[in-house]
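To be precise, the following lines are start.txt, and they hold compact mmCIF, C-alpha atoms.
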```txt
# COMPACT_ATOMS: atom_id res chain seq x y z
CA MET H 1 51.14 7.35 2.45
CA GLN H 2 49.16 8.45 -0.55
CA ASN H 3 49.27 12.27 -0.49
CA PHE H 4 52.29 14.21 0.74
CA VAL H 5 55.24 16.39 -0.20
CA ALA H 6 58.72 14.88 0.11
CA ILE H 7 61.26 17.60 0.81
CA ASP H 8 65.00 17.95 1.19
CA PHE H 9 67.21 20.94 1.91
CA GLU H 10 70.94 21.41 1.55
CA THR H 11 72.66 24.09 3.62
CA ALA H 12 75.64 26.32 2.86
CA ASN H 13 77.07 26.25 6.37
CA GLN H 14 76.29 25.11 9.90
CA LYS H 15 73.41 27.59 10.24
CA ARG H 16 70.07 25.90 9.57
CA CYS H 17 68.80 29.07 7.92
CA SER H 18 71.51 28.86 5.24
CA VAL H 19 69.43 26.75 2.86
CA CYS H 20 71.11 26.78 -0.54
CA SER H 21 68.92 24.29 -2.42
CA VAL H 22 65.57 22.58 -2.06
CA GLY H 23 63.99 19.61 -3.78
CA ILE H 24 60.35 18.63 -3.47
CA VAL H 25 58.37 15.72 -4.84
CA LEU H 26 54.59 15.97 -4.71
CA VAL H 27 52.89 12.60 -4.34
CA LYS H 28 49.16 12.35 -5.05
CA ASN H 29 47.27 9.07 -4.75
CA GLY H 30 50.57 7.23 -4.31
CA GLN H 31 52.04 8.54 -7.59
CA VAL H 32 54.55 11.31 -8.28
CA ALA H 33 52.50 14.25 -9.53
CA ASP H 34 55.20 16.93 -9.72
CA LYS H 35 58.84 17.65 -8.88
CA TYR H 36 60.63 20.91 -8.22
CA TYR H 37 64.24 21.89 -7.58
CA SER H 38 65.76 25.28 -6.98
CA LEU H 39 69.00 26.77 -5.85
CA ILE H 40 68.61 29.41 -3.12
CA ARG H 41 70.91 32.30 -2.26
CA PRO H 42 71.66 31.40 1.36
CA GLU H 43 71.43 33.64 4.39
CA PRO H 44 74.03 34.03 5.72
CA ASN H 45 75.71 33.91 2.33
CA TYR H 46 78.87 31.95 3.01
CA TYR H 47 79.78 28.31 2.47
CA SER H 48 81.68 26.11 4.87
CA TYR H 49 84.28 23.78 3.44
CA PHE H 50 82.47 20.78 4.95
CA CYS H 51 79.13 21.60 3.35
CA GLN H 52 80.76 22.21 -0.03
CA GLN H 53 82.36 18.78 0.21
CA VAL H 54 79.02 17.16 1.04
CA HIS H 55 76.83 18.60 -1.73
CA GLY H 56 79.29 20.26 -4.12
CA LEU H 57 77.53 23.63 -4.22
CA THR H 58 79.59 26.82 -4.08
CA PRO H 59 78.90 30.55 -3.67
CA GLU H 60 79.22 30.91 -7.45
CA ASP H 61 76.34 28.45 -7.91
CA THR H 62 73.95 30.53 -5.82
CA GLU H 63 75.14 34.12 -6.21
CA ARG H 64 72.31 34.86 -8.67
CA ALA H 65 69.80 32.41 -7.21
CA PRO H 66 66.53 33.68 -5.76
CA ILE H 67 66.22 34.21 -2.02
CA PHE H 68 64.17 31.86 0.12
CA PRO H 69 60.83 33.77 0.11
CA ALA H 70 60.68 33.70 -3.70
CA VAL H 71 61.54 30.00 -3.82
CA TRP H 72 59.03 29.16 -1.09
CA GLN H 73 56.31 31.03 -2.96
CA ALA H 74 57.01 28.79 -5.98
CA VAL H 75 56.86 25.71 -3.71
CA GLU H 76 53.52 26.78 -2.23
CA THR H 77 52.13 27.47 -5.71
CA ARG H 78 53.08 23.98 -6.88
CA ILE H 79 51.54 22.40 -3.78
CA SER H 80 48.35 24.39 -4.32
CA ASP H 81 48.26 23.46 -8.02
CA VAL H 82 48.48 19.73 -7.22
CA PHE H 83 46.46 19.50 -4.00
CA GLY H 84 44.24 22.59 -4.01
CA ASN H 85 44.37 24.58 -0.82
CA LYS H 86 44.70 21.50 1.35
CA SER H 87 47.58 21.29 3.79
CA MET H 88 49.70 18.24 3.00
CA PRO H 89 52.19 16.56 5.32
CA PHE H 90 55.86 16.87 4.46
CA ALA H 91 58.02 13.74 4.45
CA ALA H 92 61.75 14.00 5.04
CA HIS H 93 64.54 11.61 5.97
CA ASN H 94 65.67 12.82 9.39
CA ALA H 95 62.77 15.27 9.39
CA ARG H 96 64.09 17.20 12.37
CA PHE H 97 66.85 18.60 10.16
CA ASP H 98 64.65 19.65 7.24
CA GLU H 99 61.91 21.01 9.48
CA SER H 100 64.46 23.04 11.45
CA CYS H 101 65.88 24.43 8.19
CA LEU H 102 62.41 25.45 7.06
CA CYS H 103 61.59 27.08 10.42
CA ALA H 104 64.93 28.91 10.49
CA ALA H 105 64.52 30.25 6.95
CA PHE H 106 61.01 31.46 7.77
CA GLN H 107 62.38 33.17 10.88
CA VAL H 108 65.27 34.90 9.06
CA TYR H 109 62.88 36.38 6.52
CA GLN H 110 60.25 37.18 9.18
CA MET H 111 57.65 35.01 7.50
CA ASP H 112 54.77 33.48 9.46
CA TYR H 113 55.45 29.75 9.84
CA PRO H 114 52.26 27.73 9.27
CA ASP H 115 53.22 24.78 11.55
CA TYR H 116 53.65 22.23 8.80
CA CYS H 117 53.24 18.59 9.75
CA PHE H 118 56.35 16.45 9.14
CA VAL H 119 56.64 12.67 8.79
CA ASP H 120 60.09 11.16 9.29
CA THR H 121 61.12 8.38 6.90
CA LEU H 122 64.20 7.70 9.04
CA MET H 123 62.01 6.79 12.02
CA ALA H 124 59.65 4.86 9.74
CA SER H 125 62.61 2.92 8.35
CA ARG H 126 63.82 1.96 11.80
CA LYS H 127 60.34 0.71 12.66
CA HIS H 128 59.75 -1.05 9.31
CA PHE H 129 63.16 -2.62 8.67
CA GLY H 130 64.50 -2.92 12.21
CA ARG H 131 67.92 -4.56 12.19
CA SER H 132 67.54 -6.10 8.75
CA LEU H 133 69.49 -3.18 7.24
CA PRO H 134 73.13 -2.37 8.09
CA ASN H 135 72.05 1.24 8.81
CA HIS H 136 69.15 3.57 8.12
CA LYS H 137 70.98 6.18 6.07
CA LEU H 138 69.05 7.54 3.12
CA PRO H 139 70.98 5.65 0.39
CA THR H 140 70.64 2.35 2.27
CA VAL H 141 66.91 2.69 2.89
CA ALA H 142 66.29 4.00 -0.62
CA ALA H 143 68.05 0.95 -2.08
CA ALA H 144 65.95 -1.35 0.11
CA CYS H 145 62.88 0.35 -1.36
CA GLY H 146 64.10 0.03 -4.95
CA TYR H 147 65.52 3.52 -5.54
CA ASP H 148 69.12 3.99 -6.70
CA LEU H 149 70.33 7.16 -4.99
CA SER H 150 73.41 7.78 -7.12
CA GLN H 151 73.22 11.58 -6.60
CA HIS H 152 73.05 11.63 -2.80
CA HIS H 153 73.01 15.18 -1.37
CA HIS H 154 71.39 16.65 -4.46
CA ALA H 155 68.19 18.01 -2.92
CA LEU H 156 65.86 16.70 -5.63
CA ALA H 157 67.44 13.24 -5.73
CA ASP H 158 67.18 13.02 -1.93
CA ALA H 159 63.53 14.15 -2.06
CA GLU H 160 62.82 11.51 -4.72
CA ALA H 161 64.43 8.84 -2.53
CA CYS H 162 62.39 10.01 0.43
CA ALA H 163 59.18 9.91 -1.63
CA THR H 164 59.93 6.34 -2.71
CA ILE H 165 60.53 5.30 0.89
CA ALA H 166 57.36 6.96 2.14
CA ILE H 167 55.24 5.36 -0.58
CA LYS H 168 56.70 1.91 0.13
CA ILE H 169 56.76 1.73 3.92
CA ILE H 170 54.49 4.35 5.51
CA GLU H 171 50.84 3.51 5.80
```
Using the file provided, produce a representation of the structure as structure tokens.
Amino acid sequence: MQNFVAIDFETANQKRCSVCSVGIVLVKNGQVADKYYSLIRPEPNYYSYFCQQVHGLTPEDTERAPIFPAVWQAVETRISDVFGNKSMPFAAHNARFDESCLCAAFQVYQMDYPDYCFVDTLMASRKHFGRSLPNHKLPTVAAACGYDLSQHHHALADAEACATIAIKIIE
């Protein structure tokens, strides 16, 4: 893939709409053109113990963070600045999760969802690497593609790993 937006969300609790951080990496002509990370005040605004253990974010981290519509406006502006008004595909590792988070956040804030196109690097990894990897988890696949994901579950680091995978193995 040459032109796309790698994206990753972290959630505050089991509700997909509870996005509490987002990372995006904009790839143009096979090169990273821009990166963006933001905390998001989640809706509903509570954190489950499990999610806190996964990504380390707490209510204190996001109590003054912008809400999703403001963050998404910044994301759309960056995409427009890099690609013009063209619609770019989104790449995500286990895209069903990130796409469902995006849809749920749009729904909570009663925003019109533009039916973004998603490409799944998890599925691409299974096709590309087959059984040559012990698993197809993001850190494993990222390492196979030359990216050291030492900050797994930080939304920007995960988006960077996803971008590396997409550049390396998706045609």
* Rounded to one decimal in Å, what is the spacing between CA of Lys15 (chain H) and CA of Asp98 (chain H)? ->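 So the answer is 12.2 Å.
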* Asked: Can you list, as a list in words, every protein, DNA or RNA residue that comes within 12 Å of region 48-58 of chain H when you count all atoms listed in the file, leaving out same-chain residues fewer than 5 positions away?
  -> Phe9, Glu10, Thr11, Ala12, Asn13, Gln14, Lys15, Arg16, Ser18, Val19, Cys20, Ser21, Val22, Leu39, Ile40, Arg41, Pro42, Glu63, Arg64, Ala65, Gln151, His152, His153, His154, Ala155, Leu156, Ala157 and Asp158 of chain H
Please report, as JSON lines, each residue of region 96-167 of chain H lying at most 9 Å from region 69-85 of chain H, together with the nearest pair of atoms and the separation in Å rounded to one decimal; use all atoms listed in the file, and order rows by chain and ascending residue number.
```
{"residue": "H:Ala105", "atom": "CA", "partner": "H:Pro69", "partner_atom": "CA", "distance": 8.5}
{"residue": "H:Phe106", "atom": "CA", "partner": "H:Pro69", "partner_atom": "CA", "distance": 8.0}
{"residue": "H:Tyr109", "atom": "CA", "partner": "H:Pro69", "partner_atom": "CA", "distance": 7.2}
{"residue": "H:Met111", "atom": "CA", "partner": "H:Pro69", "partner_atom": "CA", "distance": 8.1}
```
Hey, can you spit out that residue selection with C-alpha atoms as an mmCIF file, in the frame of the given file?
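Full text of again-v2.cif as output:
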```cif
data_model
loop_
_atom_site.group_PDB
_atom_site.id
_atom_site.type_symbol
_atom_site.label_atom_id
_atom_site.label_comp_id
_atom_site.auth_asym_id
_atom_site.auth_seq_id
_atom_site.Cartn_x
_atom_site.Cartn_y
_atom_site.Cartn_z
ATOM 1 C CA ALA H 105 64.520 30.250 6.950
ATOM 2 C CA PHE H 106 61.010 31.460 7.770
ATOM 3 C CA TYR H 109 62.880 36.380 6.520
ATOM 4 C CA MET H 111 57.650 35.010 7.500
#
```
* With distances taken over all atoms listed in the file, which of H:Thr62, H:Thr164, H:Asn45, H:Asn3 is nearest to Val27 (chain H)? ->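 Distance minimum relative to Val27 (chain H) lands on H:Asn3.
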Find the residues around Ser87 (chain H) up to 10 Å (only C-alpha atoms counted), leave out those fewer than 5 positions away in its own chain, and share them as a short mmCIF file (atom, residue, chain, number, x, y, z; two decimals) with C-alpha atoms, in the coordinates of the input.
```
data_model
loop_
_atom_site.label_atom_id
_atom_site.label_comp_id
_atom_site.auth_asym_id
_atom_site.auth_seq_id
_atom_site.Cartn_x
_atom_site.Cartn_y
_atom_site.Cartn_z
CA PHE H 4 52.29 14.21 0.74
CA VAL H 5 55.24 16.39 -0.20
CA ILE H 79 51.54 22.40 -3.78
CA SER H 80 48.35 24.39 -4.32
CA PRO H 114 52.26 27.73 9.27
CA TYR H 116 53.65 22.23 8.80
CA CYS H 117 53.24 18.59 9.75
#
```
* **Spatial neighbours of Phe129 (chain H), max dist 12 Å, only C-alpha atoms, sep filter under 2 positions, as an MDAnalysis selection string** => chainID H and resid 121:127 131:136 140:142 144:145 165 168:170
How would region 119-132 of chain H read, as an mmCIF file, keeping the file's coordinate frame, once N, CA, C and O atoms are built in?
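See selection35.cif below for the written result:
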```
data_model
loop_
_atom_site.group_PDB
_atom_site.id
_atom_site.type_symbol
_atom_site.label_atom_id
_atom_site.label_comp_id
_atom_site.auth_asym_id
_atom_site.auth_seq_id
_atom_site.Cartn_x
_atom_site.Cartn_y
_atom_site.Cartn_z
ATOM 1 N N VAL H 119 56.529 14.106 8.581
ATOM 2 C CA VAL H 119 56.640 12.670 8.790
ATOM 3 C C VAL H 119 58.095 12.303 8.516
ATOM 4 O O VAL H 119 58.671 12.754 7.528
ATOM 5 N N ASP H 120 58.667 11.484 9.379
ATOM 6 C CA ASP H 120 60.090 11.160 9.290
ATOM 7 C C ASP H 120 60.300 9.760 8.710
ATOM 8 O O ASP H 120 59.964 8.765 9.357
ATOM 9 N N THR H 121 60.871 9.694 7.502
ATOM 10 C CA THR H 121 61.120 8.380 6.900
ATOM 11 C C THR H 121 62.276 7.647 7.575
ATOM 12 O O THR H 121 62.362 6.422 7.472
ATOM 13 N N LEU H 122 63.139 8.364 8.272
ATOM 14 C CA LEU H 122 64.200 7.700 9.040
ATOM 15 C C LEU H 122 63.578 6.893 10.173
ATOM 16 O O LEU H 122 63.892 5.705 10.351
ATOM 17 N N MET H 123 62.681 7.502 10.924
ATOM 18 C CA MET H 123 62.010 6.790 12.020
ATOM 19 C C MET H 123 61.152 5.652 11.466
ATOM 20 O O MET H 123 61.110 4.556 12.036
ATOM 21 N N ALA H 124 60.473 5.903 10.358
ATOM 22 C CA ALA H 124 59.650 4.860 9.740
ATOM 23 C C ALA H 124 60.504 3.690 9.294
ATOM 24 O O ALA H 124 60.105 2.529 9.421
ATOM 25 N N SER H 125 61.695 3.981 8.782
ATOM 26 C CA SER H 125 62.610 2.920 8.350
ATOM 27 C C SER H 125 63.050 2.065 9.523
ATOM 28 O O SER H 125 63.093 0.835 9.426
ATOM 29 N N ARG H 126 63.397 2.712 10.616
ATOM 30 C CA ARG H 126 63.820 1.960 11.800
ATOM 31 C C ARG H 126 62.708 1.033 12.283
ATOM 32 O O ARG H 126 62.967 -0.102 12.686
ATOM 33 N N LYS H 127 61.484 1.523 12.229
ATOM 34 C CA LYS H 127 60.340 0.710 12.660
ATOM 35 C C LYS H 127 60.071 -0.418 11.650
ATOM 36 O O LYS H 127 59.845 -1.562 12.042
ATOM 37 N N HIS H 128 60.098 -0.084 10.361
ATOM 38 C CA HIS H 128 59.750 -1.050 9.310
ATOM 39 C C HIS H 128 60.833 -2.125 9.117
ATOM 40 O O HIS H 128 60.530 -3.311 9.050
ATOM 41 N N PHE H 129 62.079 -1.694 8.998
ATOM 42 C CA PHE H 129 63.160 -2.620 8.670
ATOM 43 C C PHE H 129 63.887 -3.168 9.903
ATOM 44 O O PHE H 129 64.553 -4.208 9.807
ATOM 45 N N GLY H 130 63.803 -2.467 11.011
ATOM 46 C CA GLY H 130 64.500 -2.920 12.210
ATOM 47 C C GLY H 130 65.972 -3.109 11.959
ATOM 48 O O GLY H 130 66.632 -2.258 11.377
ATOM 49 N N ARG H 131 66.477 -4.269 12.352
ATOM 50 C CA ARG H 131 67.920 -4.560 12.190
ATOM 51 C C ARG H 131 68.241 -5.308 10.906
ATOM 52 O O ARG H 131 69.353 -5.798 10.743
ATOM 53 N N SER H 132 67.281 -5.385 9.998
ATOM 54 C CA SER H 132 67.540 -6.100 8.750
ATOM 55 C C SER H 132 68.425 -5.305 7.791
ATOM 56 O O SER H 132 68.940 -5.874 6.824
#
```
